[in-house]
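Asks: Structure below; questions to follow.
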Amino acid sequence: MENRIRLNGWHFFLAFFKIGGFTIGGGYAMLPLVREMVVRRKGWISEERFLELLTIAQGTPGVMMVNLSTLIGLELGGLRVALLAVSGAILPSFLSILLIASVLSRFMGNPAVLAFFRGAVPAVVGIIGGVVLQLAWRHLRRPESILAALAALGLLIGLGVNPILVILAALL
């Protein structure tokens with residue numbers, strides 16, 4: 001690949017580990033941090049290429065963040081870097097789940113714990129909504145993109161077409 005860069009794969013592991021460790025809400029909540037790291041801060045890929053990889057990651061079966069970190073790793077350094085990026089992205093969640101499963105069950109009745117989880121949901125929705133708006137604003141500037149988005153919205157809401165079929169049509 002022409003735009004592969006020579007980097008120690010552990011940079012990707014640590015970068016994705018930090019993102020995974022400080023993000024509540026899953027893959028879509030991680031998007032702003034991944035975009036900030038790979039596009040803006042490090043400049044590893046362009047904004048347009050990030051959107052392309054994100055589109056592929058969303059249209060591919062599986063966990064979106066695993067797909068995206070795999071694609072970014074493959075793009076920048078091959079299979080080894082992809083595996084390190086994926087490991088970094090999922091390890092914090094795995095460790096957190098182990099910790100929560102072993103400790104939280106004792107505290108689930110605690111009002112402060114319940115309030116935290118109730119408060120985290122709107123925050124995550126806001127983060128995801130912000131990313132969607134940023135990506136849409138940047139991408140929906142061409143007439144054909146606007147038409148495609150409106151057609152997809154019409155198919156989903158107006159005709160009740162299965163989202164999987166709309167995604168497959170968009171990938172084509």
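Residue numbers start at 1 in each chain; chains themselves are named A, B, ... in the order of the structure tokens; ligands are numbered from 1 in the order shown.
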Env of Thr55 of chain A: 10 Å cut, atoms = only C-alpha atoms, seq-sep filter 5 positions within chain, self excluded. Answer as a list in words.
Replies: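 Using only C-alpha atoms, the neighbours found are Arg49, Phe50, Thr60, Met64, Leu68, Ile167, Ala170 and Leu171 of chain A.
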Asks: For C-alpha atoms, I'd like the residues from the last selection saved as a CSV table (one decimal), in the first residue's frame.
Replies:
```
chain,number,residue,atom,x,y,z
A,49,ARG,CA,-10.2,8.5,3.9
A,50,PHE,CA,-11.5,8.3,7.5
A,60,THR,CA,-19.3,-4.7,7.5
A,64,MET,CA,-18.1,-1.2,14.3
A,68,LEU,CA,-12.7,0.6,12.0
A,167,ILE,CA,-26.8,-0.1,3.8
A,170,ALA,CA,-25.3,2.5,-0.3
A,171,LEU,CA,-22.2,0.3,-0.3
```
Asks: Please run DSSP on the backbone and report, as a PyMOL selection string, all residues within chain A that come out as alpha helix (DSSP H).
Replies: chain A and resi 9-21+27-35+47-59+64-77+79-103+111-139+143-153+163-171
Asks: Within 6 Å of segment 13-28 of chain A, counting only C-alpha atoms, which residues qualify if same-chain residues fewer than 4 places away don't, as a ChimeraX atom specification?
Replies: /A:65,84-85,88-89,92,124,128
Asks: Quick one: distance from atom CA of Ile45 of chain A to atom CA of Ile146 of chain A in Å, one decimal?
Replies: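 One can read the atom CA of Ile45 of chain A to atom CA of Ile146 of chain A distance as 24.4 Å.
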Asks: Counting only C-alpha atoms, which residue out of A:Phe94, A:Val86, A:Leu147, A:Ala29 sits closest to Leu74 of chain A?
Replies: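 Once distances to Leu74 of chain A are computed over only C-alpha atoms, the minimum belongs to A:Val86.
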Asks: Quick one: pull the distance between atom CA of Leu172 of chain A and atom CA of Gly62 of chain A, Å, one decimal.
Replies: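 Those two atoms sit 18.8 Å apart.
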Asks: Would you mind telling me which residue in A:Val103, A:Leu51, A:Val39, A:Val161 lies nearest to Leu140 of chain A when using only C-alpha atoms?
Replies: A:Leu51
Asks: So how many Å separate atom CA of Leu71 of chain A and atom CA of Ala123 of chain A, to one decimal?
Replies: 27.4 Å
